[in-house]
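**Q** Coordinates in coords.cif, mmCIF, C-alpha atoms and all ligand atoms, are listed below.
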```cif
data_input
#
loop_
_atom_site.label_atom_id
_atom_site.label_comp_id
_atom_site.auth_asym_id
_atom_site.auth_seq_id
_atom_site.Cartn_x
_atom_site.Cartn_y
_atom_site.Cartn_z
CA ARG P 1 24.57 -27.87 -11.49
CA THR P 2 26.58 -27.39 -8.33
CA THR P 3 29.71 -26.70 -10.33
CA THR P 4 27.95 -24.06 -12.39
CA PHE P 5 26.65 -22.45 -9.26
CA ARG P 6 30.05 -22.47 -7.55
CA PHE P 7 31.71 -21.00 -10.61
CA LEU P 8 29.17 -18.22 -10.92
CA ASN P 9 29.19 -17.57 -7.23
CA ARG P 10 32.96 -17.15 -7.29
CA CYS P 11 32.67 -14.74 -10.20
CA LEU P 12 30.10 -12.78 -8.28
CA ARG P 13 32.14 -12.65 -5.13
CA ASN P 14 35.23 -11.55 -7.01
CA ARG P 15 33.11 -9.09 -8.95
CA THR P 16 34.56 -10.39 -12.16
CA ILE P 17 31.15 -9.78 -13.73
CA PRO P 18 30.34 -6.14 -13.06
CA MET P 19 26.58 -6.42 -13.60
CA ALA P 20 26.29 -9.56 -11.58
CA SER P 21 27.00 -7.94 -8.26
CA SER P 22 23.64 -6.27 -8.58
CA ILE P 23 21.87 -9.58 -8.91
CA PHE P 24 22.12 -10.28 -5.25
CA THR P 25 21.59 -6.74 -4.10
CA HIS P 26 18.48 -6.18 -6.10
CA CYS P 27 16.84 -9.57 -6.37
CA HIS P 28 15.59 -11.06 -3.20
CA TYR P 29 15.53 -14.71 -4.05
CA SER P 30 13.46 -16.49 -1.54
CA SER P 31 14.80 -19.72 -2.90
CA SER P 32 17.77 -21.58 -1.51
CA PRO P 33 21.13 -21.49 -3.29
CA SER P 34 20.42 -24.84 -4.86
CA SER P 35 17.23 -23.67 -6.45
CA LEU P 36 19.08 -20.58 -7.66
CA ALA P 37 21.54 -22.97 -9.28
CA PHE P 38 18.62 -24.64 -10.91
CA ARG P 39 17.36 -21.34 -12.24
CA LEU P 40 20.77 -20.58 -13.63
CA HIS P 41 21.02 -24.01 -15.12
CA ARG P 42 17.90 -23.76 -17.18
CA HIS P 43 19.62 -21.74 -19.88
CA PRO P 44 23.23 -22.12 -18.95
CA PHE P 45 25.05 -21.89 -22.23
CA HIS P 46 22.87 -20.22 -24.72
CA VAL P 47 21.50 -16.72 -24.69
CA PRO P 48 17.90 -16.88 -23.58
CA PRO P 49 15.33 -14.84 -25.47
CA THR P 50 14.92 -12.59 -22.45
CA CYS P 51 18.37 -11.17 -23.18
CA LEU P 52 16.86 -9.44 -26.17
CA ARG P 53 15.34 -7.05 -23.70
CA PHE P 54 18.68 -5.39 -23.32
CA SER P 55 18.62 -4.31 -26.94
CA PHE P 56 16.18 -1.67 -25.74
CA LEU P 57 18.91 -0.06 -23.69
CA HIS P 58 22.07 1.08 -25.33
CA SER P 59 24.01 2.70 -22.56
CA SER P 60 23.80 3.95 -19.05
CA PRO P 61 25.82 6.61 -17.31
CA ALA P 62 27.12 4.16 -14.74
CA SER P 63 28.07 1.16 -16.86
CA SER P 64 27.85 1.56 -20.57
CA HIS P 65 27.87 -2.13 -21.43
CA VAL P 66 25.79 -5.09 -20.49
CA ASP P 67 27.89 -8.15 -19.91
CA PRO P 68 26.39 -10.97 -21.98
CA LEU P 69 27.30 -13.59 -19.39
CA ALA P 70 25.75 -11.49 -16.65
CA ALA P 71 22.68 -10.97 -18.78
CA MET P 72 22.49 -14.71 -19.23
CA VAL P 73 22.90 -15.36 -15.54
CA THR P 74 20.34 -12.79 -14.50
CA GLU P 75 17.90 -14.30 -16.98
CA SER P 76 15.11 -12.40 -15.40
CA SER P 77 16.78 -9.45 -13.72
CA ALA P 78 16.14 -6.00 -15.12
CA LYS P 79 18.62 -3.18 -15.19
CA VAL P 80 18.37 -0.75 -12.29
CA ILE P 81 17.89 2.85 -13.41
CA ASP P 82 20.07 4.71 -10.96
CA GLY P 83 18.31 8.04 -10.37
CA LYS P 84 20.62 8.93 -7.56
CA ALA P 85 23.69 8.67 -9.79
CA VAL P 86 22.07 10.56 -12.67
CA ALA P 87 20.90 13.29 -10.28
CA LYS P 88 24.45 13.65 -8.99
CA GLN P 89 25.73 13.98 -12.56
CA ILE P 90 23.13 16.68 -13.28
CA ARG P 91 23.99 18.55 -10.08
CA ASP P 92 27.63 18.56 -11.18
CA GLU P 93 26.62 20.04 -14.54
CA ILE P 94 24.55 22.69 -12.76
CA THR P 95 27.38 23.52 -10.36
CA ALA P 96 29.64 24.28 -13.32
CA GLU P 97 27.01 26.47 -14.99
CA VAL P 98 26.17 28.36 -11.82
CA SER P 99 29.81 29.26 -11.28
CA LYS P 100 30.25 30.24 -14.93
CA MET P 101 27.28 32.59 -14.63
CA ARG P 102 28.53 34.08 -11.38
CA GLU P 103 31.93 34.75 -12.87
CA ALA P 104 30.54 36.22 -16.09
CA ILE P 105 27.75 38.48 -14.82
CA GLY P 106 27.89 38.25 -11.03
CA VAL P 107 24.41 36.72 -10.71
CA ILE P 108 23.67 33.84 -8.34
CA PRO P 109 20.41 31.97 -8.97
CA GLY P 110 17.99 32.10 -6.02
CA LEU P 111 15.18 29.74 -5.01
CA ALA P 112 12.49 30.65 -2.45
CA VAL P 113 10.58 27.82 -0.78
CA ILE P 114 7.37 28.43 1.14
CA LEU P 115 6.38 25.76 3.65
CA VAL P 116 3.09 26.07 5.48
CA GLY P 117 2.49 23.85 8.51
CA ASP P 118 4.66 21.16 10.04
CA ARG P 119 4.05 17.97 8.09
CA LYS P 120 7.12 15.88 8.72
CA ASP P 121 7.47 14.62 5.15
CA SER P 122 7.17 18.15 3.74
CA ALA P 123 9.76 19.45 6.19
CA THR P 124 12.13 16.68 5.07
CA TYR P 125 11.63 17.46 1.39
CA VAL P 126 12.20 21.17 1.98
CA ARG P 127 15.37 20.44 3.93
CA ASN P 128 16.60 18.23 1.10
CA LYS P 129 15.88 20.95 -1.44
CA LYS P 130 17.81 23.47 0.61
CA LYS P 131 20.77 21.11 0.93
CA ALA P 132 20.69 20.48 -2.82
CA CYS P 133 20.73 24.25 -3.51
CA GLU P 134 23.79 24.65 -1.32
CA SER P 135 25.53 21.78 -3.07
CA VAL P 136 25.36 23.52 -6.47
CA GLY P 137 25.84 27.14 -5.33
CA ILE P 138 22.21 28.28 -5.68
CA ASN P 139 20.96 30.66 -2.97
CA SER P 140 17.97 29.40 -1.05
CA LEU P 141 15.43 31.41 0.91
CA GLU P 142 12.86 29.77 3.10
CA ALA P 143 9.57 30.89 4.60
CA ASN P 144 8.16 28.65 7.31
CA LEU P 145 4.61 29.63 8.12
CA PRO P 146 2.48 28.09 10.86
CA GLU P 147 -0.31 25.64 9.98
CA ASP P 148 -2.99 28.19 10.93
CA SER P 149 -1.69 30.98 8.70
CA THR P 150 -4.24 32.69 6.49
CA GLU P 151 -4.24 32.45 2.73
CA GLU P 152 -3.51 36.17 2.65
CA GLU P 153 -0.31 35.72 4.62
CA VAL P 154 0.90 33.13 2.13
CA LEU P 155 -0.07 35.44 -0.74
CA ASN P 156 1.95 38.24 0.89
CA TYR P 157 5.05 36.08 0.92
CA ILE P 158 4.49 35.18 -2.70
CA SER P 159 4.17 38.87 -3.67
CA GLY P 160 7.38 39.62 -1.82
CA TYR P 161 9.27 36.91 -3.69
CA ASN P 162 7.59 37.88 -6.98
CA GLU P 163 9.15 41.35 -6.60
CA ASP P 164 12.52 40.26 -5.20
CA PRO P 165 15.13 40.38 -8.01
CA SER P 166 17.41 37.92 -6.15
CA VAL P 167 14.68 35.25 -6.38
CA HIS P 168 14.47 33.40 -9.70
CA GLY P 169 12.28 30.54 -8.57
CA ILE P 170 9.37 30.22 -6.13
CA LEU P 171 8.12 26.90 -4.82
CA VAL P 172 5.08 26.51 -2.58
CA GLN P 173 5.43 23.12 -0.94
CA LEU P 174 2.33 20.96 -1.42
CA PRO P 175 0.03 19.84 0.06
CA LEU P 176 -1.18 23.09 1.64
CA PRO P 177 -3.36 23.02 4.76
CA SER P 178 -6.94 22.18 3.82
CA HIS P 179 -8.32 25.63 4.72
CA MET P 180 -6.33 27.19 1.89
CA ASN P 181 -7.30 27.45 -1.75
CA GLU P 182 -4.42 25.86 -3.60
CA GLN P 183 -5.56 27.30 -6.91
CA ASN P 184 -5.48 30.91 -5.67
CA ILE P 185 -2.04 30.41 -4.23
CA LEU P 186 -0.46 28.69 -7.24
CA ASN P 187 -1.99 31.28 -9.58
CA ALA P 188 -0.26 34.03 -7.59
CA VAL P 189 3.26 32.84 -8.41
CA ARG P 190 4.69 34.95 -11.20
CA ILE P 191 4.85 32.66 -14.21
CA GLU P 192 8.48 33.64 -14.89
CA LYS P 193 9.36 32.25 -11.43
CA ASP P 194 7.12 29.17 -11.51
CA VAL P 195 9.95 26.62 -11.29
CA ASP P 196 7.47 23.90 -10.28
CA GLY P 197 5.68 24.44 -13.59
CA PHE P 198 2.29 24.29 -11.85
CA HIS P 199 0.87 27.56 -13.18
CA PRO P 200 -2.08 26.83 -15.51
CA LEU P 201 -0.46 28.86 -18.28
CA ASN P 202 2.64 26.63 -18.11
CA ILE P 203 0.50 23.46 -18.13
CA GLY P 204 -1.62 24.86 -20.98
CA ARG P 205 1.43 25.51 -23.11
CA LEU P 206 2.77 22.05 -22.28
CA ALA P 207 -0.46 20.59 -23.67
CA MET P 208 -0.35 22.53 -26.94
CA ARG P 209 1.61 21.59 -30.02
CA GLY P 210 3.99 24.30 -31.16
CA ARG P 211 3.96 26.07 -27.79
CA GLU P 212 6.68 26.00 -25.19
CA PRO P 213 6.10 26.23 -21.43
CA LEU P 214 8.52 28.39 -19.45
CA PHE P 215 9.00 25.49 -17.02
CA VAL P 216 8.25 21.77 -17.12
CA PRO P 217 7.09 20.24 -13.79
CA CYS P 218 10.06 18.71 -11.98
CA THR P 219 8.95 15.13 -11.32
CA PRO P 220 7.71 14.34 -14.86
CA LYS P 221 10.73 16.12 -16.30
CA GLY P 222 12.95 13.93 -14.13
CA CYS P 223 11.19 10.79 -15.43
CA ILE P 224 11.80 11.76 -19.06
CA GLU P 225 15.38 12.77 -18.29
CA LEU P 226 16.01 9.28 -16.87
CA LEU P 227 14.65 7.70 -20.06
CA HIS P 228 16.89 9.97 -22.16
CA ARG P 229 20.01 9.37 -20.11
CA TYR P 230 19.47 5.62 -20.33
CA SER P 231 18.91 5.88 -24.09
CA VAL P 232 15.40 4.49 -23.93
CA SER P 233 13.71 5.54 -27.14
CA ILE P 234 10.25 7.00 -26.66
CA LYS P 235 9.18 7.84 -30.19
CA GLY P 236 6.48 5.52 -31.46
CA LYS P 237 6.45 3.50 -28.24
CA ARG P 238 3.33 2.69 -26.26
CA ALA P 239 3.42 4.45 -22.91
CA VAL P 240 1.02 4.04 -20.02
CA VAL P 241 0.87 6.57 -17.22
CA ILE P 242 -0.85 5.29 -14.12
CA GLY P 243 -2.39 8.19 -12.20
CA ARG P 244 -3.74 11.52 -13.44
CA SER P 245 -2.64 14.05 -10.82
CA ASN P 246 -1.95 17.64 -11.82
CA ILE P 247 1.60 17.48 -10.54
CA VAL P 248 2.76 14.14 -11.97
CA GLY P 249 0.43 11.91 -14.00
CA MET P 250 -1.13 14.49 -16.29
CA PRO P 251 2.04 16.43 -17.14
CA ALA P 252 3.95 13.14 -17.52
CA ALA P 253 1.41 12.01 -20.13
CA LEU P 254 1.72 15.35 -21.95
CA LEU P 255 5.51 15.11 -21.97
CA LEU P 256 5.51 11.55 -23.31
CA GLN P 257 3.13 12.62 -26.05
CA ARG P 258 5.43 15.52 -26.94
CA GLU P 259 8.18 12.90 -27.27
CA ASP P 260 6.00 11.06 -29.84
CA ALA P 261 4.89 8.16 -27.64
CA THR P 262 1.35 6.81 -27.96
CA VAL P 263 0.03 7.51 -24.51
CA SER P 264 -2.76 6.03 -22.38
CA VAL P 265 -3.64 7.22 -18.90
CA VAL P 266 -4.84 4.55 -16.48
CA HIS P 267 -6.65 5.80 -13.38
CA SER P 268 -8.96 4.75 -10.56
CA ARG P 269 -11.96 4.44 -12.89
CA THR P 270 -10.21 2.51 -15.63
CA SER P 271 -12.08 -0.77 -16.07
CA ASN P 272 -9.12 -2.92 -17.13
CA PRO P 273 -5.98 -1.29 -15.70
CA GLU P 274 -3.91 -4.47 -15.74
CA GLU P 275 -4.66 -5.27 -19.37
CA MET P 276 -4.01 -1.66 -20.45
CA THR P 277 -0.74 -1.49 -18.55
CA ARG P 278 0.45 -4.79 -20.01
CA GLN P 279 0.44 -3.19 -23.48
CA ALA P 280 3.03 -0.61 -22.49
CA ASP P 281 6.66 -0.41 -23.57
CA ILE P 282 7.10 2.36 -21.00
CA ILE P 283 5.21 2.62 -17.71
CA ILE P 284 5.19 5.67 -15.47
CA ALA P 285 3.45 4.80 -12.21
CA ALA P 286 2.29 7.72 -10.07
CA VAL P 287 -0.68 6.76 -7.92
CA GLY P 288 0.59 6.60 -4.36
CA GLN P 289 -0.45 2.96 -3.75
CA ALA P 290 2.27 0.73 -2.37
CA ASN P 291 3.17 -2.17 -4.69
CA MET P 292 0.00 -1.80 -6.77
CA VAL P 293 1.58 -2.75 -10.10
CA LYS P 294 2.37 -6.47 -10.08
CA GLY P 295 4.59 -8.49 -12.37
CA SER P 296 1.52 -9.67 -14.31
CA TRP P 297 0.78 -6.04 -15.30
CA ILE P 298 4.10 -5.73 -17.07
CA LYS P 299 4.98 -6.64 -20.64
CA PRO P 300 8.30 -8.50 -20.74
CA GLY P 301 11.06 -6.02 -21.54
CA ALA P 302 9.09 -2.91 -20.59
CA VAL P 303 10.84 0.05 -18.95
CA ILE P 304 9.36 1.13 -15.63
CA ILE P 305 9.56 4.52 -13.97
CA ASP P 306 8.17 4.31 -10.45
CA VAL P 307 7.21 7.69 -9.00
CA GLY P 308 5.54 6.36 -5.84
CA ILE P 309 7.06 6.99 -2.43
CA ASN P 310 4.89 5.09 0.02
CA PRO P 311 5.86 4.52 3.63
CA VAL P 312 5.16 0.97 4.79
CA GLU P 313 5.72 -0.43 8.25
CA ASP P 314 9.09 -2.09 8.66
CA ALA P 315 10.25 -3.11 12.10
CA SER P 316 13.79 -3.82 10.88
CA SER P 317 14.47 -0.25 9.74
CA PRO P 318 15.51 2.38 12.28
CA ARG P 319 12.62 4.73 11.44
CA GLY P 320 10.07 1.94 11.84
CA TYR P 321 9.05 2.26 8.20
CA LYS P 322 10.55 1.99 4.78
CA LEU P 323 9.67 3.58 1.47
CA VAL P 324 8.32 1.51 -1.40
CA GLY P 325 7.10 2.46 -4.84
CA ASP P 326 3.79 1.98 -6.65
CA VAL P 327 5.36 -0.98 -8.45
CA CYS P 328 6.20 -4.28 -6.83
CA TYR P 329 9.95 -4.00 -7.32
CA GLU P 330 10.94 -7.65 -6.96
CA GLU P 331 8.30 -8.75 -9.45
CA ALA P 332 9.10 -5.94 -11.89
CA MET P 333 12.78 -6.90 -11.83
CA LYS P 334 11.86 -10.32 -13.19
CA VAL P 335 9.79 -9.07 -16.12
CA ALA P 336 10.92 -5.59 -17.13
CA SER P 337 14.15 -4.61 -18.88
CA ALA P 338 14.80 -1.63 -16.61
CA VAL P 339 13.26 -0.32 -13.39
CA THR P 340 13.74 2.71 -11.15
CA PRO P 341 14.19 1.81 -7.48
CA VAL P 342 12.52 3.54 -4.52
CA PRO P 343 14.30 5.29 -2.93
CA GLY P 344 17.09 6.29 -5.29
CA GLY P 345 15.05 6.58 -8.48
CA VAL P 346 12.75 9.45 -9.37
CA GLY P 347 12.98 11.26 -5.99
CA PRO P 348 16.53 12.58 -6.38
CA MET P 349 15.75 13.50 -10.00
CA THR P 350 12.83 15.70 -8.91
CA ILE P 351 15.22 17.80 -6.85
CA ALA P 352 17.84 17.93 -9.61
CA MET P 353 15.17 19.20 -12.04
CA LEU P 354 14.13 21.88 -9.55
CA LEU P 355 17.71 23.14 -9.46
CA GLN P 356 17.84 23.00 -13.25
CA ASN P 357 14.61 25.00 -13.56
CA THR P 358 15.96 27.60 -11.14
CA LEU P 359 19.13 27.93 -13.22
CA ILE P 360 17.09 28.18 -16.45
CA SER P 361 15.01 30.94 -14.85
CA ALA P 362 18.02 32.96 -13.71
CA LYS P 363 19.62 32.65 -17.16
CA ARG P 364 16.43 33.76 -18.86
CA MET P 365 15.91 36.75 -16.58
CA HIS P 366 19.45 37.96 -17.18
CA ASN P 367 19.65 37.03 -20.87
CA PHE P 368 22.62 34.84 -20.12
CA GLU P 369 23.59 32.44 -22.94
N1 LIG X 401 5.45 22.25 -4.71
C1 LIG X 401 5.91 21.01 -4.59
N2 LIG X 401 6.88 20.58 -5.43
C2 LIG X 401 7.39 19.33 -5.32
O1 LIG X 401 8.26 18.93 -6.10
C3 LIG X 401 6.87 18.47 -4.29
C4 LIG X 401 5.87 18.98 -3.46
N3 LIG X 401 5.42 20.23 -3.62
N4 LIG X 401 5.37 18.20 -2.47
C5 LIG X 401 5.84 16.87 -2.21
C6 LIG X 401 6.43 16.21 -3.43
C7 LIG X 401 7.35 15.06 -3.13
N5 LIG X 401 8.66 15.45 -3.63
C8 LIG X 401 9.84 14.72 -3.45
C9 LIG X 401 11.08 15.22 -3.69
C10 LIG X 401 12.23 14.49 -3.46
C11 LIG X 401 12.16 13.20 -2.97
C12 LIG X 401 13.42 12.45 -2.69
O2 LIG X 401 14.51 12.97 -2.80
N6 LIG X 401 13.36 11.17 -2.31
C13 LIG X 401 14.54 10.39 -2.04
C14 LIG X 401 14.73 10.10 -0.57
C15 LIG X 401 13.48 9.79 0.19
C16 LIG X 401 13.73 9.52 1.69
O3 LIG X 401 14.56 8.63 2.01
O4 LIG X 401 13.08 10.18 2.53
C17 LIG X 401 14.49 9.12 -2.88
O5 LIG X 401 13.41 8.80 -3.39
O6 LIG X 401 15.52 8.50 -3.04
C18 LIG X 401 10.92 12.66 -2.74
C19 LIG X 401 9.77 13.41 -2.99
C20 LIG X 401 8.58 16.70 -4.16
N7 LIG X 401 7.32 17.17 -4.10
#
```
Would you write out, as structure tokens, the structure that this file holds?
**A**
Amino acid sequence: RTTTFRFLNRCLRNRTIPMASSIFTHCHYSSSPSSLAFRLHRHPFHVPPTCLRFSFLHSSPASSHVDPLAAMVTESSAKVIDGKAVAKQIRDEITAEVSKMREAIGVIPGLAVILVGDRKDSATYVRNKKKACESVGINSLEANLPEDSTEEEVLNYISGYNEDPSVHGILVQLPLPSHMNEQNILNAVRIEKDVDGFHPLNIGRLAMRGREPLFVPCTPKGCIELLHRYSVSIKGKRAVVIGRSNIVGMPAALLLQREDATVSVVHSRTSNPEEMTRQADIIIAAVGQANMVKGSWIKPGAVIIDVGINPVEDASSPRGYKLVGDVCYEEAMKVASAVTPVPGGVGPMTIAMLLQNTLISAKRMHNFE
């Protein structure tokens, strides 16, 4: 036992098993090294049935192979779906296309972001979006309106951007202050510039077979893009979406259905959420409840996309809090075949998809390609 442990530990330290280095970063074993050795020893020299899980995944952008020894060692450690790395790859693709377009027709895509009020999280997201625009060569415009602005003032900004030919995408950061009618405001964005995909006409088209929306909402689009880039097949699979919000859950369910999954939506009034969720090959969790989905909710080998970004108190982090998902990460890692982390999963993808939608919009408006 001890020898096995020492051997594996040396491999890990020397990084002779590429996958294995992630075992210790991503699995927080509460057990002592000796009990870890015991875990390893249970199936030391034959491939445990749990390894079959990896057959679900064929490749990843980061490491295209799964080391069989590492898979054996991890026994119950899922693959981490690296949203940050995929988002970077997509930004690089966008950068190339933006410069091609600029050189060919002299057009630079432009994104206008409207932020009302001074919610700290919203300000952070808007800053990140702006930074991301800069990183790919997209122009960004920003309107910061005070919390007590009137709906009319916001509508005036929207009209201005609707008419501005240098603006190809308009995003109104949500949530809006409670005295504003979100519906009026989102309806005012010209559908050709609705890069969030929140306009009812875009959502309506998304829901209809044979119709194409102009834009797909960024977060659900990012979830599906992660599944595609990790070669997770969706067709014919059972998918459960937890949460039915207009901006994530509902459009995510529509997208999965368009990809030929059999989709169920689990929400706050579902009588048996755990049992429903346990049927799923693919889970998209978007409820905003820290660690709500436990290991017992997950079918062995399922793929998990965790959209939640919940701040929880954490004295050891400099901000005093840390972000966790809707899924209990440590438990999911033991049951699932692949899991998105928080942070570093869906969040960066949302922003990458926003840039992509802005590029798509600029191309469409200028009949480029
Ligand atoms: N009109 C509108 N469109 C949106 O797309 C929209 C919105 N309103 N309101 C708020 C939500 C939230 N959202 C996020 C975007 C990026 C990260 C993100 O990049 N997160 C990083 C870092 C998080 C951190 O460390 O602070 C991560 O998960 O790794 C998170 C959340 C977009 N939203």
**Q** Tell me, as a list in words, which residues lie within 10 Å of Ala261 in chain P, counting all atoms listed in the file; anything in the same chain fewer than 3 positions away does not count.
**A**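 Contacts, with the query itself left out: Ser233, Ile234, Lys235, Gly236, Lys237, Arg238, Ala239, Val240, Ala253, Leu254, Leu255, Leu256, Gln257, Arg258, Ser264, Asp281 and Ile282 of chain P.
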**Q** Between CA of Ala96 in chain P and CA of Ile360 in chain P, what is the distance in Å, rounded to a tenth?
**A**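 These atoms are spaced 13.5 Å apart.
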**Q** Kindly indicate which residue among P:Ala302, P:Leu206, P:Leu186, P:Met180 lies nearest to ligand LIG 401 (chain X), using only C-alpha atoms and all ligand atoms for the distances.
**A**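 Going through P:Ala302, P:Leu206, P:Leu186, P:Met180 one by one, the smallest distance to ligand LIG 401 (chain X) is for P:Leu186.
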**Q** Restricting the calculation to all atoms listed in the file, which member of P:Asn246, P:Ser76, P:Asn310, P:Thr219 is positioned closest to Met353 in chain P?
**A**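 Under the stated criterion, the closest residue is P:Thr219.
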**Q** For a test of reading the model, state the distance in Å between CA of Thr358 in chain P and CA of Pro109 in chain P, rounded to one decimal.
**A**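 Separation of CA of Thr358 in chain P and CA of Pro109 in chain P: 6.6 Å.
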**Q** How would you report the residues lying within 6 Å of ligand LIG 401 (chain X), as a PDB file with C-alpha atoms, in the coordinates of the input, if you count all atoms listed in the file?
**A**
```pdb
ATOM      1  CA  TYR P 125      11.630  17.460   1.390  1.00  0.00           C
ATOM      2  CA  LEU P 171       8.120  26.900  -4.820  1.00  0.00           C
ATOM      3  CA  VAL P 172       5.080  26.510  -2.580  1.00  0.00           C
ATOM      4  CA  GLN P 173       5.430  23.120  -0.940  1.00  0.00           C
ATOM      5  CA  LEU P 174       2.330  20.960  -1.420  1.00  0.00           C
ATOM      6  CA  ASP P 196       7.470  23.900 -10.280  1.00  0.00           C
ATOM      7  CA  VAL P 342      12.520   3.540  -4.520  1.00  0.00           C
ATOM      8  CA  PRO P 343      14.300   5.290  -2.930  1.00  0.00           C
ATOM      9  CA  GLY P 344      17.090   6.290  -5.290  1.00  0.00           C
ATOM     10  CA  GLY P 345      15.050   6.580  -8.480  1.00  0.00           C
ATOM     11  CA  GLY P 347      12.980  11.260  -5.990  1.00  0.00           C
ATOM     12  CA  PRO P 348      16.530  12.580  -6.380  1.00  0.00           C
ATOM     13  CA  THR P 350      12.830  15.700  -8.910  1.00  0.00           C
ATOM     14  CA  ILE P 351      15.220  17.800  -6.850  1.00  0.00           C
TER      15      ILE P 351
END
```
**Q** List the spatial neighbours of Gly308 in chain P as a ChimeraX atom specification - criterion: any atom at most 6 Å away, all atoms listed in the file, same-chain residues fewer than 3 positions off excluded.
**A** /P:286,288,325-326
**Q** Counting all atoms listed in the file, I want the residues whose atoms come within 12 Å of (15.5, 21.7, -3.4) in the file frame, returned as a PyMOL selection string.
**A** chain P and resi 91+110-114+122-142+169-173+195-196+218+347-358
**Q** Go ahead and save the residues from that selection, with C-alpha atoms, as a PDB file, keeping the file's coordinate frame.
**A**
```
ATOM      1  CA  ARG P  91      23.990  18.550 -10.080  1.00  0.00           C
ATOM      2  CA  GLY P 110      17.990  32.100  -6.020  1.00  0.00           C
ATOM      3  CA  LEU P 111      15.180  29.740  -5.010  1.00  0.00           C
ATOM      4  CA  ALA P 112      12.490  30.650  -2.450  1.00  0.00           C
ATOM      5  CA  VAL P 113      10.580  27.820  -0.780  1.00  0.00           C
ATOM      6  CA  ILE P 114       7.370  28.430   1.140  1.00  0.00           C
ATOM      7  CA  SER P 122       7.170  18.150   3.740  1.00  0.00           C
ATOM      8  CA  ALA P 123       9.760  19.450   6.190  1.00  0.00           C
ATOM      9  CA  THR P 124      12.130  16.680   5.070  1.00  0.00           C
ATOM     10  CA  TYR P 125      11.630  17.460   1.390  1.00  0.00           C
ATOM     11  CA  VAL P 126      12.200  21.170   1.980  1.00  0.00           C
ATOM     12  CA  ARG P 127      15.370  20.440   3.930  1.00  0.00           C
ATOM     13  CA  ASN P 128      16.600  18.230   1.100  1.00  0.00           C
ATOM     14  CA  LYS P 129      15.880  20.950  -1.440  1.00  0.00           C
ATOM     15  CA  LYS P 130      17.810  23.470   0.610  1.00  0.00           C
ATOM     16  CA  LYS P 131      20.770  21.110   0.930  1.00  0.00           C
ATOM     17  CA  ALA P 132      20.690  20.480  -2.820  1.00  0.00           C
ATOM     18  CA  CYS P 133      20.730  24.250  -3.510  1.00  0.00           C
ATOM     19  CA  GLU P 134      23.790  24.650  -1.320  1.00  0.00           C
ATOM     20  CA  SER P 135      25.530  21.780  -3.070  1.00  0.00           C
ATOM     21  CA  VAL P 136      25.360  23.520  -6.470  1.00  0.00           C
ATOM     22  CA  GLY P 137      25.840  27.140  -5.330  1.00  0.00           C
ATOM     23  CA  ILE P 138      22.210  28.280  -5.680  1.00  0.00           C
ATOM     24  CA  ASN P 139      20.960  30.660  -2.970  1.00  0.00           C
ATOM     25  CA  SER P 140      17.970  29.400  -1.050  1.00  0.00           C
ATOM     26  CA  LEU P 141      15.430  31.410   0.910  1.00  0.00           C
ATOM     27  CA  GLU P 142      12.860  29.770   3.100  1.00  0.00           C
ATOM     28  CA  GLY P 169      12.280  30.540  -8.570  1.00  0.00           C
ATOM     29  CA  ILE P 170       9.370  30.220  -6.130  1.00  0.00           C
ATOM     30  CA  LEU P 171       8.120  26.900  -4.820  1.00  0.00           C
ATOM     31  CA  VAL P 172       5.080  26.510  -2.580  1.00  0.00           C
ATOM     32  CA  GLN P 173       5.430  23.120  -0.940  1.00  0.00           C
ATOM     33  CA  VAL P 195       9.950  26.620 -11.290  1.00  0.00           C
ATOM     34  CA  ASP P 196       7.470  23.900 -10.280  1.00  0.00           C
ATOM     35  CA  CYS P 218      10.060  18.710 -11.980  1.00  0.00           C
ATOM     36  CA  GLY P 347      12.980  11.260  -5.990  1.00  0.00           C
ATOM     37  CA  PRO P 348      16.530  12.580  -6.380  1.00  0.00           C
ATOM     38  CA  MET P 349      15.750  13.500 -10.000  1.00  0.00           C
ATOM     39  CA  THR P 350      12.830  15.700  -8.910  1.00  0.00           C
ATOM     40  CA  ILE P 351      15.220  17.800  -6.850  1.00  0.00           C
ATOM     41  CA  ALA P 352      17.840  17.930  -9.610  1.00  0.00           C
ATOM     42  CA  MET P 353      15.170  19.200 -12.040  1.00  0.00           C
ATOM     43  CA  LEU P 354      14.130  21.880  -9.550  1.00  0.00           C
ATOM     44  CA  LEU P 355      17.710  23.140  -9.460  1.00  0.00           C
ATOM     45  CA  GLN P 356      17.840  23.000 -13.250  1.00  0.00           C
ATOM     46  CA  ASN P 357      14.610  25.000 -13.560  1.00  0.00           C
ATOM     47  CA  THR P 358      15.960  27.600 -11.140  1.00  0.00           C
TER      48      THR P 358
END
```
**Q** Could you please determine the separation between CA of Ala280 in chain P and CA of Asn202 in chain P in Å, to one decimal place?
**A** 27.6 Å
**Q** Using all atoms listed in the file, determine which residues lie at most 10 Å from Arg364 in chain P, disregarding the query and same-chain residues fewer than 4 positions distant; provide the list as a compact mmCIF listing (two decimals) with C-alpha atoms, keeping the file's coordinate frame.
**A**
```txt
# COMPACT_ATOMS: atom_id res chain seq x y z
CA HIS P 168 14.47 33.40 -9.70
CA GLU P 192 8.48 33.64 -14.89
CA LEU P 214 8.52 28.39 -19.45
CA THR P 358 15.96 27.60 -11.14
CA LEU P 359 19.13 27.93 -13.22
CA ILE P 360 17.09 28.18 -16.45
CA PHE P 368 22.62 34.84 -20.12
CA GLU P 369 23.59 32.44 -22.94
```
**Q** In file coordinates, which residues lie within 9 Å of (9.5, -3.7, -11.9) using all atoms listed in the file, given as a list of chain:residue names?
**A**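 So the residues meeting the distance criterion are P:Ala78, P:Val293, P:Lys294, P:Gly295, P:Ile298, P:Ala302, P:Val303, P:Ile304, P:Ile305, P:Asp306, P:Val327, P:Cys328, P:Tyr329, P:Glu330, P:Glu331, P:Ala332, P:Met333, P:Lys334, P:Val335, P:Ala336, P:Ser337, P:Ala338, P:Val339, P:Thr340, P:Pro341.
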